[in-house]
file query00.cif (mmCIF, C-alpha atoms)
data_coords
#
loop_
_atom_site.group_PDB
_atom_site.id
_atom_site.type_symbol
_atom_site.label_atom_id
_atom_site.label_comp_id
_atom_site.auth_asym_id
_atom_site.auth_seq_id
_atom_site.Cartn_x
_atom_site.Cartn_y
_atom_site.Cartn_z
ATOM 1 C CA MET W 1 29.422 -0.337 30.251
ATOM 2 C CA PRO W 2 29.330 -2.528 27.120
ATOM 3 C CA GLU W 3 27.101 -1.244 24.353
ATOM 4 C CA LEU W 4 25.008 -4.423 24.455
ATOM 5 C CA LEU W 5 23.871 -3.682 27.998
ATOM 6 C CA SER W 6 23.821 0.129 27.883
ATOM 7 C CA ASN W 7 20.446 0.675 26.200
ATOM 8 C CA PRO W 8 17.908 -1.858 27.477
ATOM 9 C CA PRO W 9 14.331 -1.712 26.126
ATOM 10 C CA LEU W 10 11.788 0.176 28.235
ATOM 11 C CA GLY W 11 10.182 -3.087 29.334
ATOM 12 C CA VAL W 12 13.513 -4.319 30.676
ATOM 13 C CA ILE W 13 14.153 -1.008 32.451
ATOM 14 C CA ASP W 14 10.780 -1.270 34.200
ATOM 15 C CA ALA W 15 11.438 -4.906 35.175
ATOM 16 C CA ILE W 16 14.839 -4.008 36.644
ATOM 17 C CA LYS W 17 13.249 -1.190 38.665
ATOM 18 C CA LEU W 18 10.788 -3.667 40.186
ATOM 19 C CA LEU W 19 13.615 -6.101 40.912
ATOM 20 C CA ASN W 20 15.554 -3.380 42.727
ATOM 21 C CA ILE W 21 12.522 -2.434 44.811
ATOM 22 C CA ASP W 22 12.351 -6.037 46.016
ATOM 23 C CA LEU W 23 16.115 -6.197 46.578
ATOM 24 C CA ASP W 24 15.836 -3.083 48.767
ATOM 25 C CA LYS W 25 13.302 -4.916 50.934
ATOM 26 C CA SER W 26 15.121 -8.235 51.042
ATOM 27 C CA ILE W 27 18.837 -7.510 51.460
ATOM 28 C CA PRO W 28 20.456 -5.102 53.952
ATOM 29 C CA LYS W 29 21.683 -1.825 52.543
ATOM 30 C CA LYS W 30 25.437 -1.556 52.122
ATOM 31 C CA THR W 31 26.998 0.982 54.494
ATOM 32 C CA SER W 32 30.456 1.909 55.761
ATOM 33 C CA LYS W 33 29.727 -0.090 58.927
ATOM 34 C CA ASN W 34 28.743 -3.425 57.434
ATOM 35 C CA LEU W 35 30.097 -6.050 55.057
ATOM 36 C CA LEU W 36 27.867 -8.213 52.877
ATOM 37 C CA ILE W 37 29.395 -11.522 51.782
ATOM 38 C CA ALA W 38 27.533 -13.929 49.520
ATOM 39 C CA THR W 39 27.912 -17.182 47.646
ATOM 40 C CA TRP W 40 26.018 -18.099 44.491
ATOM 41 C CA ASN W 41 26.145 -21.101 42.214
ATOM 42 C CA ILE W 42 25.089 -19.461 38.939
ATOM 43 C CA ARG W 43 24.157 -22.310 36.663
ATOM 44 C CA GLU W 44 26.579 -22.723 33.732
ATOM 45 C CA PHE W 45 27.755 -19.121 33.957
ATOM 46 C CA GLY W 46 29.490 -18.980 30.608
ATOM 47 C CA ASP W 47 28.265 -17.990 27.165
ATOM 48 C CA LEU W 48 25.506 -15.518 26.318
ATOM 49 C CA THR W 49 22.946 -15.013 23.571
ATOM 50 C CA GLU W 50 23.265 -11.345 22.648
ATOM 51 C CA GLU W 51 19.546 -10.626 22.480
ATOM 52 C CA TRP W 52 17.357 -8.995 25.087
ATOM 53 C CA SER W 53 14.822 -11.824 24.925
ATOM 54 C CA ALA W 54 16.178 -15.013 23.404
ATOM 55 C CA LYS W 55 13.861 -17.631 21.957
ATOM 56 C CA ASN W 56 13.311 -20.827 23.933
ATOM 57 C CA ASP W 57 15.422 -22.840 21.491
ATOM 58 C CA ALA W 58 18.356 -20.408 21.687
ATOM 59 C CA VAL W 59 21.778 -21.766 22.636
ATOM 60 C CA PRO W 60 22.917 -20.552 25.095
ATOM 61 C CA LYS W 61 19.609 -19.860 26.815
ATOM 62 C CA ARG W 62 20.860 -16.980 28.976
ATOM 63 C CA ASP W 63 20.174 -13.632 27.292
ATOM 64 C CA LEU W 64 20.865 -9.952 28.011
ATOM 65 C CA GLU W 65 17.900 -9.352 30.304
ATOM 66 C CA SER W 66 18.765 -12.482 32.288
ATOM 67 C CA LEU W 67 22.365 -11.323 32.700
ATOM 68 C CA LEU W 68 21.262 -7.836 33.718
ATOM 69 C CA CYS W 69 19.090 -9.372 36.469
ATOM 70 C CA ILE W 70 22.085 -11.379 37.702
ATOM 71 C CA ILE W 71 24.247 -8.239 37.733
ATOM 72 C CA GLU W 72 21.671 -6.279 39.750
ATOM 73 C CA ILE W 73 21.709 -9.018 42.389
ATOM 74 C CA ILE W 74 25.524 -9.239 42.462
ATOM 75 C CA LYS W 75 25.753 -5.466 43.010
ATOM 76 C CA ARG W 76 24.001 -5.836 46.374
ATOM 77 C CA PHE W 77 27.023 -7.539 47.943
ATOM 78 C CA ASP W 78 30.560 -6.410 48.758
ATOM 79 C CA ILE W 79 32.096 -9.819 48.002
ATOM 80 C CA ILE W 80 30.434 -12.715 46.244
ATOM 81 C CA ALA W 81 31.847 -16.187 45.576
ATOM 82 C CA ILE W 82 30.609 -17.599 42.276
ATOM 83 C CA GLN W 83 30.545 -21.292 41.399
ATOM 84 C CA GLU W 84 30.018 -22.800 37.919
ATOM 85 C CA VAL W 85 31.842 -20.111 35.964
ATOM 86 C CA GLN W 86 32.581 -21.813 32.648
ATOM 87 C CA ASP W 87 35.546 -22.057 30.289
ATOM 88 C CA ASN W 88 33.818 -19.426 28.142
ATOM 89 C CA ILE W 89 33.756 -16.318 30.369
ATOM 90 C CA LYS W 90 31.564 -14.057 28.228
ATOM 91 C CA CYS W 91 28.926 -13.649 30.977
ATOM 92 C CA LEU W 92 31.601 -12.912 33.575
ATOM 93 C CA ARG W 93 33.397 -10.484 31.267
ATOM 94 C CA ASP W 94 30.200 -8.571 30.462
ATOM 95 C CA THR W 95 29.273 -8.586 34.151
ATOM 96 C CA MET W 96 32.568 -6.956 35.098
ATOM 97 C CA ASN W 97 32.356 -4.400 32.284
ATOM 98 C CA THR W 98 28.842 -3.468 33.379
ATOM 99 C CA LEU W 99 29.792 -3.227 37.058
ATOM 100 C CA GLY W 100 32.579 -0.799 36.140
ATOM 101 C CA ASP W 101 35.972 0.204 37.483
ATOM 102 C CA ASN W 102 35.002 -0.018 41.145
ATOM 103 C CA TRP W 103 34.682 -3.798 40.850
ATOM 104 C CA SER W 104 37.297 -6.520 40.419
ATOM 105 C CA PHE W 105 37.392 -10.291 40.210
ATOM 106 C CA LEU W 106 39.691 -13.245 40.685
ATOM 107 C CA MET W 107 39.090 -16.716 39.283
ATOM 108 C CA THR W 108 40.680 -20.120 38.903
ATOM 109 C CA ASP W 109 41.648 -21.810 35.700
ATOM 110 C CA VAL W 110 39.219 -24.344 34.251
ATOM 111 C CA THR W 111 38.989 -27.692 36.043
ATOM 112 C CA LYS W 112 39.287 -30.308 33.315
ATOM 113 C CA GLY W 113 37.904 -33.842 33.390
ATOM 114 C CA ASP W 114 34.449 -35.332 33.793
ATOM 115 C CA LYS W 115 34.282 -34.671 37.539
ATOM 116 C CA GLY W 116 35.530 -31.104 37.186
ATOM 117 C CA GLY W 117 32.817 -30.239 34.696
ATOM 118 C CA GLY W 118 34.924 -27.587 32.964
ATOM 119 C CA GLU W 119 34.195 -25.137 35.779
ATOM 120 C CA ARG W 120 35.973 -22.216 37.390
ATOM 121 C CA LEU W 121 35.530 -20.661 40.835
ATOM 122 C CA ALA W 122 35.531 -16.882 41.136
ATOM 123 C CA PHE W 123 35.258 -13.995 43.580
ATOM 124 C CA ILE W 124 33.733 -10.665 42.543
ATOM 125 C CA PHE W 125 34.288 -7.769 44.946
ATOM 126 C CA ASN W 126 33.843 -4.013 45.275
ATOM 127 C CA ASN W 127 37.366 -2.657 45.443
ATOM 128 C CA LYS W 128 36.274 0.696 46.883
ATOM 129 C CA LYS W 129 35.393 -1.143 50.081
ATOM 130 C CA VAL W 130 37.328 -4.404 49.916
ATOM 131 C CA LYS W 131 41.057 -4.787 49.305
ATOM 132 C CA LEU W 132 43.098 -7.833 48.449
ATOM 133 C CA SER W 133 45.634 -8.675 51.148
ATOM 134 C CA GLY W 134 48.030 -10.818 49.149
ATOM 135 C CA LEU W 135 46.880 -14.442 49.160
ATOM 136 C CA ALA W 136 45.130 -16.300 46.339
ATOM 137 C CA CYS W 137 45.572 -20.054 46.140
ATOM 138 C CA GLU W 138 44.023 -23.382 45.217
ATOM 139 C CA ILE W 139 44.057 -26.110 47.857
ATOM 140 C CA VAL W 140 46.067 -29.209 46.980
ATOM 141 C CA ILE W 141 46.328 -32.097 49.423
ATOM 142 C CA PRO W 142 49.952 -33.250 49.989
ATOM 143 C CA GLU W 143 50.677 -36.714 48.598
ATOM 144 C CA GLU W 144 51.902 -37.997 51.941
ATOM 145 C CA GLN W 145 48.653 -36.931 53.593
ATOM 146 C CA LEU W 146 46.680 -38.853 51.013
ATOM 147 C CA LYS W 147 48.731 -41.975 51.707
ATOM 148 C CA LYS W 148 48.080 -41.728 55.437
ATOM 149 C CA GLU W 149 44.319 -41.829 55.002
ATOM 150 C CA ILE W 150 43.150 -45.377 55.674
ATOM 151 C CA SER W 151 39.442 -44.846 56.315
ATOM 152 C CA PRO W 152 37.182 -46.434 53.646
ATOM 153 C CA ASP W 153 35.608 -43.061 52.885
ATOM 154 C CA ALA W 154 38.824 -41.024 53.079
ATOM 155 C CA LEU W 155 39.912 -38.721 50.280
ATOM 156 C CA ASP W 156 42.413 -40.791 48.304
ATOM 157 C CA THR W 157 42.803 -38.368 45.411
ATOM 158 C CA GLN W 158 42.773 -34.615 44.885
ATOM 159 C CA PHE W 159 39.556 -32.602 44.939
ATOM 160 C CA ALA W 160 37.483 -32.932 41.777
ATOM 161 C CA ARG W 161 37.189 -29.123 41.709
ATOM 162 C CA THR W 162 40.046 -27.552 43.611
ATOM 163 C CA PRO W 163 38.931 -25.268 46.482
ATOM 164 C CA TYR W 164 39.900 -21.637 45.962
ATOM 165 C CA ALA W 165 40.978 -19.280 48.748
ATOM 166 C CA VAL W 166 41.528 -15.519 48.608
ATOM 167 C CA SER W 167 42.541 -13.176 51.420
ATOM 168 C CA PHE W 168 40.666 -9.881 51.731
ATOM 169 C CA LYS W 169 40.959 -6.822 53.955
ATOM 170 C CA VAL W 170 38.200 -4.458 55.090
ATOM 171 C CA LYS W 171 39.391 -1.617 57.324
ATOM 172 C CA ASP W 172 41.674 -3.354 59.846
ATOM 173 C CA LYS W 173 40.153 -6.831 59.391
ATOM 174 C CA THR W 174 41.947 -9.441 57.282
ATOM 175 C CA PHE W 175 40.164 -12.692 56.476
ATOM 176 C CA VAL W 176 40.411 -15.587 54.049
ATOM 177 C CA LEU W 177 37.380 -16.769 52.106
ATOM 178 C CA LEU W 178 37.577 -20.316 50.819
ATOM 179 C CA THR W 179 35.048 -21.394 48.228
ATOM 180 C CA LEU W 180 34.416 -24.743 46.607
ATOM 181 C CA HIS W 181 31.892 -26.761 44.657
ATOM 182 C CA VAL W 182 31.819 -30.255 46.111
ATOM 183 C CA ILE W 183 31.419 -33.145 43.699
ATOM 184 C CA TYR W 184 27.764 -34.156 43.493
ATOM 185 C CA GLY W 185 27.787 -37.869 42.692
ATOM 186 C CA GLU W 186 24.816 -40.189 42.462
ATOM 187 C CA ASP W 187 25.171 -41.205 46.099
ATOM 188 C CA THR W 188 25.583 -38.937 49.127
ATOM 189 C CA LYS W 189 28.507 -41.098 50.203
ATOM 190 C CA ASP W 190 30.414 -39.918 47.124
ATOM 191 C CA ARG W 191 30.647 -36.439 48.655
ATOM 192 C CA ILE W 192 31.792 -37.439 52.140
ATOM 193 C CA PRO W 193 35.537 -37.773 51.424
ATOM 194 C CA GLU W 194 35.755 -34.247 50.000
ATOM 195 C CA LEU W 195 33.658 -32.762 52.786
ATOM 196 C CA LYS W 196 35.750 -34.432 55.493
ATOM 197 C CA ALA W 197 38.998 -33.426 53.836
ATOM 198 C CA ILE W 198 38.052 -29.774 53.440
ATOM 199 C CA SER W 199 36.750 -29.595 57.021
ATOM 200 C CA LYS W 200 40.010 -31.003 58.387
ATOM 201 C CA TRP W 201 42.105 -28.784 56.148
ATOM 202 C CA ILE W 202 40.431 -25.511 57.051
ATOM 203 C CA TYR W 203 40.343 -26.412 60.744
ATOM 204 C CA GLU W 204 44.148 -26.523 60.830
ATOM 205 C CA TRP W 205 44.474 -23.482 58.584
ATOM 206 C CA ALA W 206 42.059 -21.436 60.719
ATOM 207 C CA LYS W 207 44.180 -22.113 63.805
ATOM 208 C CA ASP W 208 47.281 -20.849 62.017
ATOM 209 C CA LEU W 209 45.537 -17.730 60.738
ATOM 210 C CA LYS W 210 44.250 -16.875 64.203
ATOM 211 C CA LYS W 211 47.858 -16.471 65.395
ATOM 212 C CA TRP W 212 48.067 -13.456 63.098
ATOM 213 C CA GLY W 213 44.651 -12.087 64.036
ATOM 214 C CA HIS W 214 43.218 -13.235 60.711
ATOM 215 C CA SER W 215 40.254 -15.542 60.190
ATOM 216 C CA LEU W 216 38.828 -18.041 57.734
ATOM 217 C CA MET W 217 35.357 -18.674 56.340
ATOM 218 C CA ALA W 218 34.192 -21.431 54.005
ATOM 219 C CA LEU W 219 31.423 -20.714 51.533
ATOM 220 C CA GLY W 220 30.078 -22.304 48.389
ATOM 221 C CA ASP W 221 28.038 -25.206 47.084
ATOM 222 C CA PHE W 222 28.702 -28.166 49.372
ATOM 223 C CA ASN W 223 25.957 -30.352 47.871
ATOM 224 C CA ILE W 224 24.554 -31.253 51.292
ATOM 225 C CA ASP W 225 21.049 -32.639 50.889
ATOM 226 C CA ARG W 226 19.699 -32.541 54.422
ATOM 227 C CA LYS W 227 20.626 -31.226 57.821
ATOM 228 C CA ASP W 228 22.284 -33.905 59.943
ATOM 229 C CA ASP W 229 22.721 -36.395 57.072
ATOM 230 C CA LEU W 230 26.114 -38.062 56.555
ATOM 231 C CA ALA W 231 27.362 -35.293 54.278
ATOM 232 C CA TYR W 232 26.322 -32.581 56.742
ATOM 233 C CA LYS W 233 28.048 -34.371 59.629
ATOM 234 C CA ALA W 234 31.189 -34.775 57.535
ATOM 235 C CA PHE W 235 31.217 -31.048 56.752
ATOM 236 C CA VAL W 236 30.738 -29.769 60.319
ATOM 237 C CA GLY W 237 32.844 -32.523 61.882
ATOM 238 C CA ASP W 238 35.730 -30.366 63.148
ATOM 239 C CA LYS W 239 33.724 -27.719 65.009
ATOM 240 C CA LEU W 240 32.645 -25.952 61.848
ATOM 241 C CA PHE W 241 29.825 -23.565 62.724
ATOM 242 C CA ILE W 242 26.835 -22.566 60.603
ATOM 243 C CA PRO W 243 24.804 -19.596 61.900
ATOM 244 C CA GLU W 244 21.377 -20.642 63.133
ATOM 245 C CA ASP W 245 19.489 -18.381 60.724
ATOM 246 C CA LEU W 246 21.399 -19.923 57.796
ATOM 247 C CA ASN W 247 20.765 -23.448 59.052
ATOM 248 C CA LEU W 248 16.970 -23.602 59.006
ATOM 249 C CA GLU W 249 15.004 -25.981 56.805
ATOM 250 C CA ASP W 250 12.617 -23.233 55.745
ATOM 251 C CA ILE W 251 15.434 -21.260 54.104
ATOM 252 C CA LYS W 252 15.185 -22.133 50.427
ATOM 253 C CA ARG W 253 18.510 -22.558 48.659
ATOM 254 C CA THR W 254 17.165 -23.415 45.215
ATOM 255 C CA ILE W 255 14.231 -22.306 43.069
ATOM 256 C CA PHE W 256 12.718 -25.769 43.402
ATOM 257 C CA ASP W 257 10.493 -26.886 46.270
ATOM 258 C CA LYS W 258 12.971 -29.482 47.501
ATOM 259 C CA VAL W 259 14.550 -28.741 50.890
ATOM 260 C CA SER W 260 18.323 -28.753 50.652
ATOM 261 C CA PHE W 261 21.405 -27.482 52.447
ATOM 262 C CA TYR W 262 23.600 -27.286 49.335
ATOM 263 C CA ASP W 263 24.925 -23.762 49.815
ATOM 264 C CA GLN W 264 26.652 -22.802 53.044
ATOM 265 C CA ILE W 265 28.600 -20.044 54.773
ATOM 266 C CA ALA W 266 30.471 -21.334 57.811
ATOM 267 C CA TRP W 267 33.369 -20.757 60.196
ATOM 268 C CA PHE W 268 34.688 -22.227 63.432
ATOM 269 C CA LYS W 269 33.946 -21.912 67.122
ATOM 270 C CA ASN W 270 36.458 -22.686 69.852
ATOM 271 C CA THR W 271 35.904 -24.859 72.916
ATOM 272 C CA SER W 272 34.303 -21.866 74.678
ATOM 273 C CA SER W 273 31.805 -21.489 71.800
ATOM 274 C CA GLU W 274 33.425 -18.205 70.730
ATOM 275 C CA PHE W 275 33.456 -17.382 67.025
ATOM 276 C CA GLN W 276 36.886 -17.831 65.483
ATOM 277 C CA ILE W 277 36.455 -14.966 63.054
ATOM 278 C CA ASN W 278 37.392 -11.308 63.402
ATOM 279 C CA LEU W 279 34.084 -10.074 61.981
ATOM 280 C CA ASP W 280 30.893 -9.566 63.971
ATOM 281 C CA TYR W 281 28.098 -11.626 62.396
ATOM 282 C CA LYS W 282 24.703 -9.912 62.294
ATOM 283 C CA LYS W 283 22.335 -11.967 60.142
ATOM 284 C CA GLY W 284 21.984 -13.834 56.877
ATOM 285 C CA GLY W 285 19.607 -15.410 54.423
ATOM 286 C CA THR W 286 18.933 -16.160 50.774
ATOM 287 C CA TYR W 287 17.479 -13.984 48.069
ATOM 288 C CA ASN W 288 14.585 -15.683 46.284
ATOM 289 C CA PHE W 289 14.453 -14.128 42.841
ATOM 290 C CA LYS W 290 12.067 -16.739 41.473
ATOM 291 C CA ASP W 291 8.976 -14.510 41.105
ATOM 292 C CA LYS W 292 10.950 -11.283 40.700
ATOM 293 C CA VAL W 293 12.781 -11.809 37.400
ATOM 294 C CA LEU W 294 11.625 -12.525 33.829
ATOM 295 C CA THR W 295 8.075 -12.648 35.156
ATOM 296 C CA ASN W 296 6.453 -11.950 31.787
ATOM 297 C CA ARG W 297 7.915 -15.072 30.190
ATOM 298 C CA ASN W 298 5.980 -17.742 32.100
ATOM 299 C CA TYR W 299 9.028 -19.960 32.469
ATOM 300 C CA THR W 300 8.975 -23.282 34.264
ATOM 301 C CA ASP W 301 11.452 -23.619 37.116
ATOM 302 C CA SER W 302 13.767 -25.604 34.862
ATOM 303 C CA GLN W 303 13.637 -22.968 32.122
ATOM 304 C CA LEU W 304 14.311 -20.196 34.648
ATOM 305 C CA SER W 305 17.294 -22.099 36.030
ATOM 306 C CA PHE W 306 19.133 -21.864 32.702
ATOM 307 C CA ARG W 307 18.450 -18.123 32.379
ATOM 308 C CA ILE W 308 19.259 -17.101 35.951
ATOM 309 C CA SER W 309 20.151 -20.139 38.102
ATOM 310 C CA ASP W 310 18.738 -23.122 39.950
ATOM 311 C CA HIS W 311 20.459 -21.897 43.130
ATOM 312 C CA LEU W 312 19.585 -18.819 45.172
ATOM 313 C CA PRO W 313 22.345 -16.509 46.427
ATOM 314 C CA LEU W 314 23.113 -17.079 50.121
ATOM 315 C CA TRP W 315 24.367 -14.024 52.032
ATOM 316 C CA ALA W 316 25.707 -13.006 55.420
ATOM 317 C CA GLU W 317 25.971 -9.523 56.910
ATOM 318 C CA PHE W 318 28.848 -8.614 59.242
ATOM 319 C CA LYS W 319 29.557 -5.521 61.316
ATOM 320 C CA VAL W 320 32.972 -3.995 60.631
#

call {"tool": "encode", "arguments": {"input": "query00.cif", "output": "structure tokens"}}
result
Amino acid sequence: MPELLSNPPLGVIDAIKLLNIDLDKSIPKKTSKNLLIATWNIREFGDLTEEWSAKNDAVPKRDLESLLCIIEIIKRFDIIAIQEVQDNIKCLRDTMNTLGDNWSFLMTDVTKGDKGGGERLAFIFNNKKVKLSGLACEIVIPEEQLKKEISPDALDTQFARTPYAVSFKVKDKTFVLLTLHVIYGEDTKDRIPELKAISKWIYEWAKDLKKWGHSLMALGDFNIDRKDDLAYKAFVGDKLFIPEDLNLEDIKRTIFDKVSFYDQIAWFKNTSSEFQINLDYKKGGTYNFKDKVLTNRNYTDSQLSFRISDHLPLWAEFKV
């Protein structure tokens, strides 16, 4: 554990204890018979102010107590896909050092350009329970496939932030997790080409994987505003399935009051409505940390979003 995070003040220790009490109530306990997979867009997960309680005008705004809260939440899952990892990976590096040798990570290079936002995608996983099974790749659409697209809203260029896929193995189950952060855009229609393209791509890939007894899940920040809007329909177009308890309007995905369907965990069903994954889904939800972290600081939602995140982690529990 890095020295900076090894000796928190007593007030921080007490706050972390309270956070863990709430986490115990809110997220299933990890056992040898289950697998907890999550996705979390951690806002601008990059640099860190090396103070336990940074002043409001500090740059960056995330401080040591904020990072320790994030780490405590990450520890509750076996695999977690992280969006908005930055070029500067200080927060990620300190997270991994604090988690210790039983944890590993994989990440993409930085996506350059205005649309890419200088972001990386990453997976953090507990390597005592989860093993890599050989595949790690970024999805690139073949040039000839781009030329064939003639629909007005078709993807006519590569993804703004390249989707990232990694293959994992738990016991005898091998599965691919594909994460992405769909371009936001000022208009919902700006997101439709990417959502349609990724849905089509993973539909074909899932069929190929099934031949080997493997399966595919998509998870990440899809920037879908509302259930059944154009972006949602584009995403689920090719039989993509979202579990009912992860598809309810009363499941908050951000710390703000606005209803959204930004973050998703999804897979496919076949024509007989059978799940096309080799894991047995049990239940899922989000973890609302809003009133459980940094409670003595009286932050506004916006201020909290820069210390922890504007998004809530979305999780799914599977039987293995």

call {"tool": "residues_around", "arguments": {"input": "query00.cif", "residues": "W:Leu240", "least_positions_apart": "4", "cutoff": "9 Å", "atoms": "all atoms listed in the file", "output": "list of chain:residue names"}}
result
W:Ser199, W:Tyr203, W:Phe235, W:Val236, W:Ala266, W:Trp267, W:Phe268, W:Lys269

call {"tool": "resolve_selection", "arguments": {"input": "query00.cif", "expression": "the PyMOL selection byres ((chain W and resi 70) around 10)", "output": "MDAnalysis selection string"}}
result
chainID W and resid 42 64:69 71:75 91 95 289 293 307:309

call {"tool": "atom_distance", "arguments": {"input": "query00.cif", "atom1": "atom CA of W:Glu50", "atom2": "atom CA of W:Phe256"}}
result
27.4 Å

call {"tool": "resolve_selection", "arguments": {"input": "query00.cif", "expression": "the PyMOL selection byres ((chain W and resi 216) around 6)", "output": "PyMOL selection string"}}
result
chain W and resi 175-177+206+215+217

call {"tool": "atom_distance", "arguments": {"input": "query00.cif", "atom1": "atom CA of W:Lys171", "atom2": "atom CA of W:Gln276"}}
result
18.3 Å

call {"tool": "atom_distance", "arguments": {"input": "query00.cif", "atom1": "atom CA of W:Asp221", "atom2": "atom CA of W:Ile251"}}
result
15.0 Å

call {"tool": "resolve_selection", "arguments": {"input": "query00.cif", "expression": "the PyMOL selection byres ((chain W and resi 124) around 8)", "output": "list of chain:residue names"}}
result
W:Ile79, W:Ile80, W:Ala81, W:Ile82, W:Trp103, W:Ser104, W:Phe105, W:Leu106, W:Ala122, W:Phe123, W:Phe125, W:Asn126

call {"tool": "residues_around", "arguments": {"input": "query00.cif", "residues": "W:Ser260", "least_positions_apart": "6", "cutoff": "10 Å", "atoms": "only C-alpha atoms", "output": "MDAnalysis selection string"}}
result
chainID W and resid 223:227 248:254

call {"tool": "closest_residue", "arguments": {"input": "query00.cif", "among": "W:Lys196, W:Asp47, W:Lys292, W:Thr162", "to": "W:Asn20", "atoms": "all atoms listed in the file"}}
result
W:Lys292

call {"tool": "residues_around", "arguments": {"input": "query00.cif", "residues": "W:Ser26", "least_positions_apart": "5", "cutoff": "9 Å", "atoms": "only C-alpha atoms", "output": "list in words"}}
result
Ile21, Thr286, Tyr287 and Asn288 of chain W

call {"tool": "axis_aligned_box", "arguments": {"input": "query00.cif", "around": "stretch 19-29 of chain W", "padding_each_side": "8 Å", "output": "JSON"}}
result
{"center_x": 17.0, "center_y": -5.0, "center_z": 47.4, "size_x": 25.3, "size_y": 22.4, "size_z": 29.0}

call {"tool": "closest_residue", "arguments": {"input": "query00.cif", "among": "W:Leu5, W:Ile139, W:Ala231, W:Leu246", "to": "W:Asp187", "atoms": "only C-alpha atoms"}}
result
W:Ala231

call {"tool": "residues_around", "arguments": {"input": "query00.cif", "residues": "W:Gly220", "least_positions_apart": "5", "cutoff": "10 Å", "atoms": "only C-alpha atoms", "output": "MDAnalysis selection string"}}
result
chainID W and resid 38:41 80:83 121 163 177:182 262:266 313:314

call {"tool": "write_last_selection", "arguments": {"input": "query00.cif", "atoms": "C-alpha atoms", "output": "PDB file, in the frame of the given file"}}
result
ATOM      1  CA  ALA W  38      27.533 -13.929  49.520  1.00  0.00           C
ATOM      2  CA  THR W  39      27.912 -17.182  47.646  1.00  0.00           C
ATOM      3  CA  TRP W  40      26.018 -18.099  44.491  1.00  0.00           C
ATOM      4  CA  ASN W  41      26.145 -21.101  42.214  1.00  0.00           C
ATOM      5  CA  ILE W  80      30.434 -12.715  46.244  1.00  0.00           C
ATOM      6  CA  ALA W  81      31.847 -16.187  45.576  1.00  0.00           C
ATOM      7  CA  ILE W  82      30.609 -17.599  42.276  1.00  0.00           C
ATOM      8  CA  GLN W  83      30.545 -21.292  41.399  1.00  0.00           C
ATOM      9  CA  LEU W 121      35.530 -20.661  40.835  1.00  0.00           C
ATOM     10  CA  PRO W 163      38.931 -25.268  46.482  1.00  0.00           C
ATOM     11  CA  LEU W 177      37.380 -16.769  52.106  1.00  0.00           C
ATOM     12  CA  LEU W 178      37.577 -20.316  50.819  1.00  0.00           C
ATOM     13  CA  THR W 179      35.048 -21.394  48.228  1.00  0.00           C
ATOM     14  CA  LEU W 180      34.416 -24.743  46.607  1.00  0.00           C
ATOM     15  CA  HIS W 181      31.892 -26.761  44.657  1.00  0.00           C
ATOM     16  CA  VAL W 182      31.819 -30.255  46.111  1.00  0.00           C
ATOM     17  CA  TYR W 262      23.600 -27.286  49.335  1.00  0.00           C
ATOM     18  CA  ASP W 263      24.925 -23.762  49.815  1.00  0.00           C
ATOM     19  CA  GLN W 264      26.652 -22.802  53.044  1.00  0.00           C
ATOM     20  CA  ILE W 265      28.600 -20.044  54.773  1.00  0.00           C
ATOM     21  CA  ALA W 266      30.471 -21.334  57.811  1.00  0.00           C
ATOM     22  CA  PRO W 313      22.345 -16.509  46.427  1.00  0.00           C
ATOM     23  CA  LEU W 314      23.113 -17.079  50.121  1.00  0.00           C
TER      24      LEU W 314
END

call {"tool": "residues_near_point", "arguments": {"input": "query00.cif", "point": "(20.3, -40.6, 53.5)", "cutoff": "8 Å", "atoms": "all atoms listed in the file", "output": "list in words"}}
result
Thr188, Asp229 and Leu230 of chain W

call {"tool": "closest_residue", "arguments": {"input": "query00.cif", "among": "W:Ile183, W:Leu219, W:Ile141, W:Val130", "to": "W:Ala165", "atoms": "all atoms listed in the file"}}
result
W:Leu219

call {"tool": "closest_residue", "arguments": {"input": "query00.cif", "among": "W:Asn97, W:Asn127, W:Thr108, W:Asn102", "to": "W:Glu84", "atoms": "only C-alpha atoms"}}
result
W:Thr108

call {"tool": "closest_residue", "arguments": {"input": "query00.cif", "among": "W:Glu44, W:Ala234, W:Trp212, W:Lys29", "to": "W:Asp190", "atoms": "all atoms listed in the file"}}
result
W:Ala234

call {"tool": "closest_residue", "arguments": {"input": "query00.cif", "among": "W:Pro8, W:Lys131, W:Arg62, W:Ala218", "to": "W:Phe241", "atoms": "only C-alpha atoms"}}
result
W:Ala218
